[in-house]
Each structure stands twice: as structure tokens, then as C-alpha cells.
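Have a look at my_file-v7.cif; it's mmCIF, N, CA and C atoms:
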data_work
loop_
_atom_site.label_atom_id
_atom_site.label_comp_id
_atom_site.auth_asym_id
_atom_site.auth_seq_id
_atom_site.Cartn_x
_atom_site.Cartn_y
_atom_site.Cartn_z
N MET C 1 -94.72 -56.31 -40.61
CA MET C 1 -93.69 -55.92 -41.56
C MET C 1 -94.24 -55.93 -42.99
N GLU C 2 -94.95 -57.00 -43.33
CA GLU C 2 -95.50 -57.11 -44.67
C GLU C 2 -96.49 -55.98 -44.93
N GLY C 3 -97.35 -55.67 -43.94
CA GLY C 3 -98.32 -54.59 -44.11
C GLY C 3 -97.65 -53.25 -44.31
N ARG C 4 -96.55 -53.01 -43.60
CA ARG C 4 -95.81 -51.75 -43.74
C ARG C 4 -95.20 -51.66 -45.14
N ARG C 5 -94.65 -52.78 -45.63
CA ARG C 5 -94.04 -52.81 -46.96
C ARG C 5 -95.09 -52.57 -48.05
N LEU C 6 -96.31 -53.05 -47.81
CA LEU C 6 -97.39 -52.82 -48.77
C LEU C 6 -97.55 -51.34 -49.07
N LEU C 7 -97.59 -50.55 -48.02
CA LEU C 7 -97.84 -49.13 -48.18
C LEU C 7 -96.64 -48.42 -48.81
N GLU C 8 -95.44 -48.83 -48.47
CA GLU C 8 -94.25 -48.18 -49.02
C GLU C 8 -94.04 -48.54 -50.49
N ASP C 9 -94.41 -49.75 -50.90
CA ASP C 9 -94.22 -50.17 -52.28
C ASP C 9 -94.98 -49.28 -53.25
N ASP C 10 -96.15 -48.82 -52.85
CA ASP C 10 -96.96 -47.99 -53.73
C ASP C 10 -96.39 -46.59 -53.88
N ARG C 11 -95.42 -46.25 -53.09
CA ARG C 11 -94.81 -44.93 -53.17
C ARG C 11 -93.47 -44.97 -53.92
N GLU C 12 -93.08 -46.15 -54.41
CA GLU C 12 -91.83 -46.27 -55.16
C GLU C 12 -91.93 -45.48 -56.45
N PRO C 13 -90.85 -44.83 -56.86
CA PRO C 13 -90.90 -44.09 -58.11
C PRO C 13 -91.01 -45.04 -59.31
N VAL C 14 -91.63 -44.54 -60.36
CA VAL C 14 -91.76 -45.31 -61.59
C VAL C 14 -90.40 -45.30 -62.28
N GLY C 15 -89.95 -46.45 -62.75
CA GLY C 15 -88.66 -46.49 -63.44
C GLY C 15 -88.26 -47.91 -63.80
N PHE C 16 -87.06 -48.03 -64.31
CA PHE C 16 -86.53 -49.32 -64.76
C PHE C 16 -85.09 -49.43 -64.27
N ASP C 17 -84.75 -50.56 -63.69
CA ASP C 17 -83.42 -50.80 -63.17
C ASP C 17 -82.69 -51.79 -64.08
N TRP C 18 -81.78 -51.27 -64.91
CA TRP C 18 -81.04 -52.11 -65.86
C TRP C 18 -80.20 -53.17 -65.17
N ALA C 19 -79.76 -52.91 -63.95
CA ALA C 19 -78.92 -53.87 -63.23
C ALA C 19 -79.68 -55.16 -62.93
N ARG C 20 -80.97 -55.06 -62.73
CA ARG C 20 -81.78 -56.25 -62.44
C ARG C 20 -81.93 -57.16 -63.65
N LEU C 21 -81.72 -56.62 -64.84
CA LEU C 21 -81.84 -57.40 -66.06
C LEU C 21 -80.83 -58.56 -66.08
N ALA C 22 -79.66 -58.33 -65.53
CA ALA C 22 -78.62 -59.36 -65.51
C ALA C 22 -78.99 -60.53 -64.59
N SER C 23 -79.90 -60.29 -63.64
CA SER C 23 -80.27 -61.35 -62.70
C SER C 23 -81.38 -62.25 -63.20
N VAL C 24 -81.90 -61.99 -64.40
CA VAL C 24 -82.97 -62.82 -64.95
C VAL C 24 -82.39 -64.17 -65.39
N LYS C 25 -83.00 -65.23 -64.91
CA LYS C 25 -82.52 -66.58 -65.22
C LYS C 25 -83.08 -67.05 -66.56
N PRO C 26 -82.30 -67.82 -67.31
CA PRO C 26 -82.80 -68.35 -68.58
C PRO C 26 -84.09 -69.17 -68.42
N ALA C 27 -84.23 -69.88 -67.31
CA ALA C 27 -85.46 -70.66 -67.09
C ALA C 27 -86.68 -69.75 -66.99
N ASP C 28 -86.51 -68.59 -66.36
CA ASP C 28 -87.62 -67.63 -66.26
C ASP C 28 -87.99 -67.09 -67.63
N LEU C 29 -86.99 -66.80 -68.44
CA LEU C 29 -87.26 -66.34 -69.80
C LEU C 29 -87.95 -67.44 -70.60
N GLY C 30 -87.52 -68.68 -70.40
CA GLY C 30 -88.14 -69.81 -71.09
C GLY C 30 -89.60 -69.98 -70.70
N LEU C 31 -89.90 -69.78 -69.42
CA LEU C 31 -91.28 -69.88 -68.96
C LEU C 31 -92.15 -68.81 -69.63
N ARG C 32 -91.64 -67.60 -69.68
CA ARG C 32 -92.38 -66.51 -70.33
C ARG C 32 -92.57 -66.80 -71.82
N PHE C 33 -91.52 -67.26 -72.46
CA PHE C 33 -91.60 -67.60 -73.88
C PHE C 33 -92.61 -68.72 -74.10
N GLY C 34 -92.57 -69.73 -73.24
CA GLY C 34 -93.49 -70.87 -73.35
C GLY C 34 -94.94 -70.44 -73.22
N PHE C 35 -95.25 -69.63 -72.19
CA PHE C 35 -96.61 -69.12 -72.03
C PHE C 35 -97.04 -68.35 -73.28
N GLY C 36 -96.18 -67.47 -73.74
CA GLY C 36 -96.50 -66.65 -74.92
C GLY C 36 -96.73 -67.51 -76.15
N ALA C 37 -95.90 -68.52 -76.35
CA ALA C 37 -96.03 -69.40 -77.51
C ALA C 37 -97.33 -70.20 -77.46
N VAL C 38 -97.67 -70.73 -76.29
CA VAL C 38 -98.90 -71.52 -76.16
C VAL C 38 -100.12 -70.64 -76.41
N ILE C 39 -100.12 -69.44 -75.88
CA ILE C 39 -101.27 -68.55 -76.06
C ILE C 39 -101.38 -68.12 -77.53
N ALA C 40 -100.25 -67.84 -78.17
CA ALA C 40 -100.28 -67.48 -79.60
C ALA C 40 -100.77 -68.66 -80.43
N LEU C 41 -100.37 -69.87 -80.07
CA LEU C 41 -100.82 -71.07 -80.76
C LEU C 41 -102.34 -71.25 -80.61
N LEU C 42 -102.84 -71.05 -79.40
CA LEU C 42 -104.28 -71.17 -79.17
C LEU C 42 -105.05 -70.11 -79.97
N ALA C 43 -104.51 -68.89 -80.05
CA ALA C 43 -105.16 -67.84 -80.85
C ALA C 43 -105.17 -68.23 -82.33
N SER C 44 -104.08 -68.83 -82.78
CA SER C 44 -104.00 -69.27 -84.17
C SER C 44 -105.02 -70.37 -84.46
N VAL C 45 -105.13 -71.33 -83.58
CA VAL C 45 -106.09 -72.42 -83.75
C VAL C 45 -107.52 -71.85 -83.74
N ALA C 46 -107.79 -70.93 -82.79
CA ALA C 46 -109.12 -70.32 -82.73
C ALA C 46 -109.44 -69.57 -84.03
N GLY C 47 -108.44 -68.88 -84.57
CA GLY C 47 -108.64 -68.16 -85.83
C GLY C 47 -108.88 -69.10 -87.00
N THR C 48 -108.18 -70.21 -87.00
CA THR C 48 -108.35 -71.19 -88.07
C THR C 48 -109.73 -71.84 -87.99
N LEU C 49 -110.17 -72.17 -86.79
CA LEU C 49 -111.46 -72.85 -86.62
C LEU C 49 -112.64 -71.90 -86.69
N GLY C 50 -112.50 -70.70 -86.12
CA GLY C 50 -113.64 -69.80 -86.02
C GLY C 50 -113.59 -68.58 -86.92
N GLY C 51 -112.52 -68.43 -87.67
CA GLY C 51 -112.40 -67.27 -88.54
C GLY C 51 -111.54 -66.18 -87.90
N PRO C 52 -111.12 -65.22 -88.71
CA PRO C 52 -110.18 -64.21 -88.22
C PRO C 52 -110.74 -63.31 -87.13
N ARG C 53 -112.02 -62.97 -87.18
CA ARG C 53 -112.58 -62.12 -86.13
C ARG C 53 -112.61 -62.84 -84.79
N PHE C 54 -112.99 -64.10 -84.82
CA PHE C 54 -113.00 -64.89 -83.58
C PHE C 54 -111.57 -65.06 -83.05
N GLY C 55 -110.64 -65.38 -83.93
CA GLY C 55 -109.26 -65.54 -83.53
C GLY C 55 -108.66 -64.25 -83.00
N GLY C 56 -109.09 -63.12 -83.57
CA GLY C 56 -108.59 -61.83 -83.12
C GLY C 56 -108.92 -61.52 -81.67
N LEU C 57 -110.02 -62.07 -81.19
CA LEU C 57 -110.37 -61.88 -79.78
C LEU C 57 -109.26 -62.42 -78.86
N PHE C 58 -108.63 -63.48 -79.27
CA PHE C 58 -107.62 -64.11 -78.44
C PHE C 58 -106.25 -63.44 -78.55
N LEU C 59 -106.07 -62.65 -79.59
CA LEU C 59 -104.79 -61.95 -79.74
C LEU C 59 -104.62 -60.85 -78.70
N ALA C 60 -105.72 -60.39 -78.10
CA ALA C 60 -105.65 -59.36 -77.08
C ALA C 60 -105.24 -59.92 -75.72
N PHE C 61 -105.16 -61.24 -75.59
CA PHE C 61 -104.78 -61.83 -74.31
C PHE C 61 -103.33 -61.46 -73.99
N PRO C 62 -103.08 -61.00 -72.78
CA PRO C 62 -101.70 -60.63 -72.41
C PRO C 62 -100.85 -61.88 -72.22
N ALA C 63 -100.23 -62.32 -73.28
CA ALA C 63 -99.57 -63.63 -73.31
C ALA C 63 -98.48 -63.82 -72.25
N VAL C 64 -97.77 -62.80 -71.93
CA VAL C 64 -96.66 -62.96 -70.99
C VAL C 64 -97.09 -62.70 -69.55
N LEU C 65 -98.23 -62.05 -69.35
CA LEU C 65 -98.66 -61.68 -68.00
C LEU C 65 -98.81 -62.88 -67.05
N PRO C 66 -99.46 -63.99 -67.46
CA PRO C 66 -99.58 -65.12 -66.52
C PRO C 66 -98.22 -65.66 -66.07
N ALA C 67 -97.28 -65.77 -66.98
CA ALA C 67 -95.96 -66.26 -66.59
C ALA C 67 -95.26 -65.27 -65.68
N THR C 68 -95.36 -64.00 -65.99
CA THR C 68 -94.72 -62.97 -65.18
C THR C 68 -95.31 -62.96 -63.77
N LEU C 69 -96.63 -63.02 -63.67
CA LEU C 69 -97.25 -63.02 -62.34
C LEU C 69 -96.86 -64.26 -61.54
N THR C 70 -96.75 -65.39 -62.21
CA THR C 70 -96.32 -66.62 -61.53
C THR C 70 -94.92 -66.45 -60.96
N LEU C 71 -94.01 -65.91 -61.77
CA LEU C 71 -92.63 -65.71 -61.32
C LEU C 71 -92.54 -64.68 -60.20
N ILE C 72 -93.28 -63.60 -60.33
CA ILE C 72 -93.26 -62.56 -59.30
C ILE C 72 -93.80 -63.10 -57.99
N GLU C 73 -94.90 -63.84 -58.06
CA GLU C 73 -95.48 -64.40 -56.83
C GLU C 73 -94.50 -65.34 -56.14
N LYS C 74 -93.81 -66.15 -56.93
CA LYS C 74 -92.87 -67.11 -56.37
C LYS C 74 -91.66 -66.41 -55.74
N LYS C 75 -91.17 -65.35 -56.37
CA LYS C 75 -89.93 -64.71 -55.91
C LYS C 75 -90.16 -63.54 -54.96
N GLU C 76 -91.24 -62.78 -55.16
CA GLU C 76 -91.42 -61.56 -54.39
C GLU C 76 -92.70 -61.54 -53.55
N GLY C 77 -93.54 -62.55 -53.70
CA GLY C 77 -94.74 -62.63 -52.87
C GLY C 77 -96.01 -62.23 -53.60
N THR C 78 -97.11 -62.56 -52.96
CA THR C 78 -98.43 -62.31 -53.52
C THR C 78 -98.71 -60.83 -53.69
N THR C 79 -98.23 -60.03 -52.75
CA THR C 79 -98.50 -58.59 -52.80
C THR C 79 -97.93 -57.96 -54.07
N LYS C 80 -96.70 -58.30 -54.40
CA LYS C 80 -96.08 -57.75 -55.62
C LYS C 80 -96.80 -58.27 -56.87
N ALA C 81 -97.19 -59.55 -56.87
CA ALA C 81 -97.92 -60.10 -58.01
C ALA C 81 -99.27 -59.41 -58.15
N TRP C 82 -99.92 -59.15 -57.02
CA TRP C 82 -101.21 -58.46 -57.05
C TRP C 82 -101.04 -57.06 -57.63
N ALA C 83 -99.99 -56.37 -57.25
CA ALA C 83 -99.74 -55.02 -57.77
C ALA C 83 -99.54 -55.06 -59.28
N ASP C 84 -98.80 -56.03 -59.77
CA ASP C 84 -98.58 -56.15 -61.22
C ASP C 84 -99.88 -56.52 -61.94
N ALA C 85 -100.68 -57.37 -61.33
CA ALA C 85 -101.97 -57.73 -61.94
C ALA C 85 -102.87 -56.50 -62.01
N SER C 86 -102.82 -55.66 -60.99
CA SER C 86 -103.61 -54.42 -61.00
C SER C 86 -103.17 -53.53 -62.15
N GLY C 87 -101.87 -53.39 -62.33
CA GLY C 87 -101.35 -52.60 -63.44
C GLY C 87 -101.74 -53.20 -64.78
N GLY C 88 -101.73 -54.52 -64.86
CA GLY C 88 -102.14 -55.20 -66.08
C GLY C 88 -103.61 -54.95 -66.40
N THR C 89 -104.43 -54.85 -65.38
CA THR C 89 -105.85 -54.56 -65.58
C THR C 89 -106.03 -53.16 -66.15
N LEU C 90 -105.30 -52.19 -65.61
CA LEU C 90 -105.39 -50.83 -66.13
C LEU C 90 -104.88 -50.77 -67.57
N GLY C 91 -103.81 -51.52 -67.85
CA GLY C 91 -103.29 -51.58 -69.22
C GLY C 91 -104.30 -52.22 -70.16
N ALA C 92 -105.04 -53.21 -69.68
CA ALA C 92 -106.06 -53.86 -70.51
C ALA C 92 -107.19 -52.89 -70.84
N LEU C 93 -107.55 -52.04 -69.90
CA LEU C 93 -108.55 -51.02 -70.19
C LEU C 93 -108.02 -50.06 -71.26
N GLY C 94 -106.73 -49.74 -71.17
CA GLY C 94 -106.12 -48.91 -72.22
C GLY C 94 -106.13 -49.62 -73.56
N LEU C 95 -105.92 -50.93 -73.54
CA LEU C 95 -105.98 -51.71 -74.78
C LEU C 95 -107.38 -51.67 -75.38
N GLY C 96 -108.39 -51.67 -74.52
CA GLY C 96 -109.76 -51.52 -74.99
C GLY C 96 -109.96 -50.18 -75.70
N ALA C 97 -109.39 -49.12 -75.14
CA ALA C 97 -109.47 -47.80 -75.78
C ALA C 97 -108.75 -47.82 -77.13
N PHE C 98 -107.62 -48.53 -77.20
CA PHE C 98 -106.89 -48.69 -78.45
C PHE C 98 -107.78 -49.37 -79.49
N ALA C 99 -108.43 -50.46 -79.09
CA ALA C 99 -109.26 -51.23 -80.03
C ALA C 99 -110.45 -50.41 -80.52
N VAL C 100 -111.12 -49.73 -79.62
CA VAL C 100 -112.29 -48.93 -80.02
C VAL C 100 -111.87 -47.82 -80.97
N THR C 101 -110.78 -47.14 -80.64
CA THR C 101 -110.29 -46.06 -81.51
C THR C 101 -109.92 -46.60 -82.89
N THR C 102 -109.26 -47.73 -82.91
CA THR C 102 -108.87 -48.33 -84.20
C THR C 102 -110.09 -48.69 -85.04
N VAL C 103 -111.06 -49.35 -84.42
CA VAL C 103 -112.26 -49.76 -85.15
C VAL C 103 -113.00 -48.54 -85.72
N LEU C 104 -113.07 -47.48 -84.94
CA LEU C 104 -113.81 -46.30 -85.39
C LEU C 104 -113.09 -45.52 -86.49
N LEU C 105 -111.76 -45.54 -86.51
CA LEU C 105 -111.02 -44.67 -87.41
C LEU C 105 -110.26 -45.37 -88.53
N LEU C 106 -110.19 -46.68 -88.51
CA LEU C 106 -109.33 -47.40 -89.45
C LEU C 106 -109.72 -47.16 -90.91
N ARG C 107 -110.97 -47.11 -91.22
CA ARG C 107 -111.39 -46.90 -92.61
C ARG C 107 -111.13 -45.47 -93.08
N TRP C 108 -111.10 -44.54 -92.15
CA TRP C 108 -110.86 -43.14 -92.48
C TRP C 108 -109.42 -42.92 -92.91
N ASN C 109 -108.46 -43.37 -92.10
CA ASN C 109 -107.05 -43.21 -92.41
C ASN C 109 -106.27 -44.19 -91.52
N PRO C 110 -105.80 -45.30 -92.07
CA PRO C 110 -105.15 -46.33 -91.23
C PRO C 110 -103.96 -45.83 -90.41
N ALA C 111 -103.08 -45.05 -91.01
CA ALA C 111 -101.91 -44.57 -90.27
C ALA C 111 -102.33 -43.65 -89.12
N ALA C 112 -103.23 -42.73 -89.40
CA ALA C 112 -103.70 -41.82 -88.35
C ALA C 112 -104.48 -42.59 -87.29
N ALA C 113 -105.25 -43.59 -87.71
CA ALA C 113 -106.02 -44.39 -86.76
C ALA C 113 -105.09 -45.08 -85.77
N LEU C 114 -104.01 -45.66 -86.26
CA LEU C 114 -103.08 -46.35 -85.35
C LEU C 114 -102.38 -45.38 -84.43
N LEU C 115 -102.01 -44.21 -84.93
CA LEU C 115 -101.37 -43.21 -84.07
C LEU C 115 -102.34 -42.70 -83.00
N LEU C 116 -103.57 -42.43 -83.39
CA LEU C 116 -104.57 -41.97 -82.42
C LEU C 116 -104.93 -43.08 -81.43
N ALA C 117 -104.95 -44.33 -81.91
CA ALA C 117 -105.22 -45.46 -81.01
C ALA C 117 -104.10 -45.61 -79.99
N LEU C 118 -102.86 -45.42 -80.44
CA LEU C 118 -101.73 -45.46 -79.50
C LEU C 118 -101.86 -44.35 -78.47
N LEU C 119 -102.26 -43.19 -78.90
CA LEU C 119 -102.48 -42.07 -77.99
C LEU C 119 -103.59 -42.41 -77.00
N ALA C 120 -104.68 -43.00 -77.49
CA ALA C 120 -105.80 -43.39 -76.61
C ALA C 120 -105.34 -44.38 -75.56
N TRP C 121 -104.56 -45.38 -75.98
CA TRP C 121 -104.05 -46.38 -75.03
C TRP C 121 -103.17 -45.72 -73.97
N THR C 122 -102.29 -44.83 -74.40
CA THR C 122 -101.39 -44.16 -73.48
C THR C 122 -102.15 -43.30 -72.48
N VAL C 123 -103.08 -42.50 -72.99
CA VAL C 123 -103.84 -41.60 -72.12
C VAL C 123 -104.69 -42.38 -71.11
N VAL C 124 -105.38 -43.41 -71.58
CA VAL C 124 -106.24 -44.19 -70.68
C VAL C 124 -105.41 -44.96 -69.66
N SER C 125 -104.38 -45.68 -70.10
CA SER C 125 -103.57 -46.48 -69.18
C SER C 125 -102.84 -45.60 -68.17
N ALA C 126 -102.12 -44.61 -68.65
CA ALA C 126 -101.37 -43.73 -67.75
C ALA C 126 -102.33 -42.90 -66.89
N GLY C 127 -103.42 -42.45 -67.49
CA GLY C 127 -104.39 -41.66 -66.72
C GLY C 127 -104.97 -42.45 -65.57
N LEU C 128 -105.37 -43.69 -65.83
CA LEU C 128 -105.90 -44.54 -64.76
C LEU C 128 -104.84 -44.83 -63.71
N TYR C 129 -103.61 -45.09 -64.14
CA TYR C 129 -102.54 -45.36 -63.19
C TYR C 129 -102.34 -44.17 -62.24
N PHE C 130 -102.20 -42.99 -62.81
CA PHE C 130 -101.96 -41.82 -61.98
C PHE C 130 -103.19 -41.45 -61.15
N LEU C 131 -104.39 -41.71 -61.65
CA LEU C 131 -105.61 -41.50 -60.87
C LEU C 131 -105.63 -42.43 -59.66
N PHE C 132 -105.34 -43.71 -59.88
CA PHE C 132 -105.30 -44.67 -58.78
C PHE C 132 -104.21 -44.31 -57.77
N ARG C 133 -103.06 -43.90 -58.27
CA ARG C 133 -101.95 -43.57 -57.38
C ARG C 133 -102.24 -42.30 -56.58
N ALA C 134 -102.74 -41.26 -57.25
CA ALA C 134 -102.99 -39.99 -56.57
C ALA C 134 -104.16 -40.08 -55.60
N SER C 135 -105.16 -40.89 -55.92
CA SER C 135 -106.34 -40.99 -55.07
C SER C 135 -106.17 -41.99 -53.92
N GLY C 136 -105.10 -42.77 -53.95
CA GLY C 136 -104.87 -43.76 -52.90
C GLY C 136 -105.62 -45.06 -53.12
N LEU C 137 -106.21 -45.25 -54.30
CA LEU C 137 -106.94 -46.49 -54.56
C LEU C 137 -106.04 -47.72 -54.53
N PHE C 138 -104.79 -47.58 -54.97
CA PHE C 138 -103.86 -48.71 -54.89
C PHE C 138 -103.64 -49.12 -53.43
N LEU C 139 -103.49 -48.13 -52.55
CA LEU C 139 -103.27 -48.43 -51.14
C LEU C 139 -104.48 -49.12 -50.52
N ARG C 140 -105.68 -48.65 -50.83
CA ARG C 140 -106.89 -49.30 -50.33
C ARG C 140 -107.01 -50.73 -50.84
N GLN C 141 -106.66 -50.91 -52.09
CA GLN C 141 -106.70 -52.24 -52.71
C GLN C 141 -105.71 -53.17 -52.00
N ASP C 142 -104.51 -52.67 -51.73
CA ASP C 142 -103.50 -53.48 -51.05
C ASP C 142 -103.95 -53.87 -49.64
N ARG C 143 -104.62 -52.94 -48.95
CA ARG C 143 -105.12 -53.26 -47.61
C ARG C 143 -106.16 -54.37 -47.67
N LEU C 144 -107.03 -54.33 -48.67
CA LEU C 144 -108.04 -55.38 -48.82
C LEU C 144 -107.38 -56.73 -49.07
N VAL C 145 -106.36 -56.75 -49.92
CA VAL C 145 -105.65 -57.99 -50.21
C VAL C 145 -104.95 -58.52 -48.96
N SER C 146 -104.31 -57.64 -48.20
CA SER C 146 -103.59 -58.11 -47.01
C SER C 146 -104.57 -58.63 -45.96
N LYS C 147 -105.78 -58.04 -45.86
CA LYS C 147 -106.80 -58.54 -44.91
C LYS C 147 -107.29 -59.90 -45.38
N ALA C 148 -107.48 -60.08 -46.67
CA ALA C 148 -107.97 -61.34 -47.21
C ALA C 148 -106.97 -62.46 -46.97
N ARG C 149 -105.67 -62.13 -47.00
CA ARG C 149 -104.63 -63.15 -46.79
C ARG C 149 -104.47 -63.51 -45.34
N SER C 150 -104.93 -62.65 -44.41
CA SER C 150 -104.76 -62.89 -42.96
C SER C 150 -105.71 -63.92 -42.44
#

In C-alpha cells, how does this file's structure come out?
Amino acid sequence: MEGRRLLEDDREPVGFDWARLASVKPADLGLRFGFGAVIALLASVAGTLGGPRFGGLFLAFPAVLPATLTLIEKKEGTTKAWADASGGTLGALGLGAFAVTTVLLLRWNPAAALLLALLAWTVVSAGLYFLFRASGLFLRQDRLVSKARS
């Protein structure tokens, strides 16, 4: 049953269900807030001790992702958490494209640099997502995870 659900989950349409928002528990929101606050605090301390460039490295950490993955794994299982972690990885690659674009263009025109960096992030993240989905790489990845868990 779990293996069958793995394959069907990857075929779910992309979207957002507003009705599920009402089912979020305050404790879950607190956990996400706590993770985010601790990570922001660590980035601040790193910046204070090592300088702004060193501290900036830590600002790219996806502060809410660890809490979200923990909650998803607890409520929906490892497979769903793995899928979200995979999406987070693709988003992180898009964030890398954002950073490179910003560094290259910021001195030329800050406003245009940020707009082009946003475009780079969108194209890389969405492009990788649709490439993985269309090529079946997500399905192969899920099969590997389900074999590893067996």
C-alpha cells in the first residue's frame, strides 16, 4: 500500500488547500517559529563573531525547513518528508542561482539585480522541479527510499 501511494503522490497536482490551514495546531506553529528563531540567532552570533560575510553564509539556511520536515515525518510519514526535502533541495539550488546573479549584478543596478535574481531563482527552481517530474526522477528517488526503508 505504501509503495503504491508513493507513486500516486508524485502525480498530485501542484496547489494549495486553504481548508488545511485551519487544521494547523498552535504547537506546530510554535515549533516552526522556534526553529526559525534559533537559526536566526545563530546567524546573528556568527555575523557578530566572524563579520557580516561569514554571518551571511548562515542566512541562507532554510530556517523553517527542519521543523517542517520533522512535523511532516511525524504526521504523514517519511515518504512525504522525503518528498518535501527533495523540493527543498531544488529550491536551494535556485537560491544559489539567486545569490550568484545578485553578486554579479548588484553593483551595476541594485533594483534590476534583485529582479533578475528573483527570475533566476524562479527559473532554476521551477525548471528543476518540472524536469524531475517530467523525467520521472522523483519516482525513481521514491523507489530508492522505499527500498532503503524495507

>> Counting only N, CA and C atoms, I want the residues whose atoms come within 8 Å of (-107.5, -50.0, -75.2) in the file frame, returned as an MDAnalysis selection string.
In response: chainID C and resid 91:101 117 120:122 124:125

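Relative to atom N of C:Arg32, atom N of C:Thr70 is found at 9.3 Å.
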
Report as AutoDock Vina command-line options the centre and the edge lengths, in Å to one decimal, of the axis-aligned box holding every listed atom of stretch 128-135 of chain C, padded by 6 Å on each side.
--center_x -104.1 --center_y -42.7 --center_z -59.9 --size_x 16.4 --size_y 17.4 --size_z 23.9

>> Among stretch 7-130 of chain C, which ones does DSSP assign to alpha helix (DSSP H) (computed from the backbone)? Answer as a PyMOL selection string.
In response: chain C and resi 7-9+26-50+52-59+65-76+78-105+110-130

>> Just the number, please: distance in Å from atom CA of C:Thr48 to atom CA of C:Gly36, one decimal.
In response: 18.3 Å

> How many Å lie between atom CA of C:Pro66 and atom CA of C:Ala40, rounded to one decimal?
Replying inline: 13.3 Å
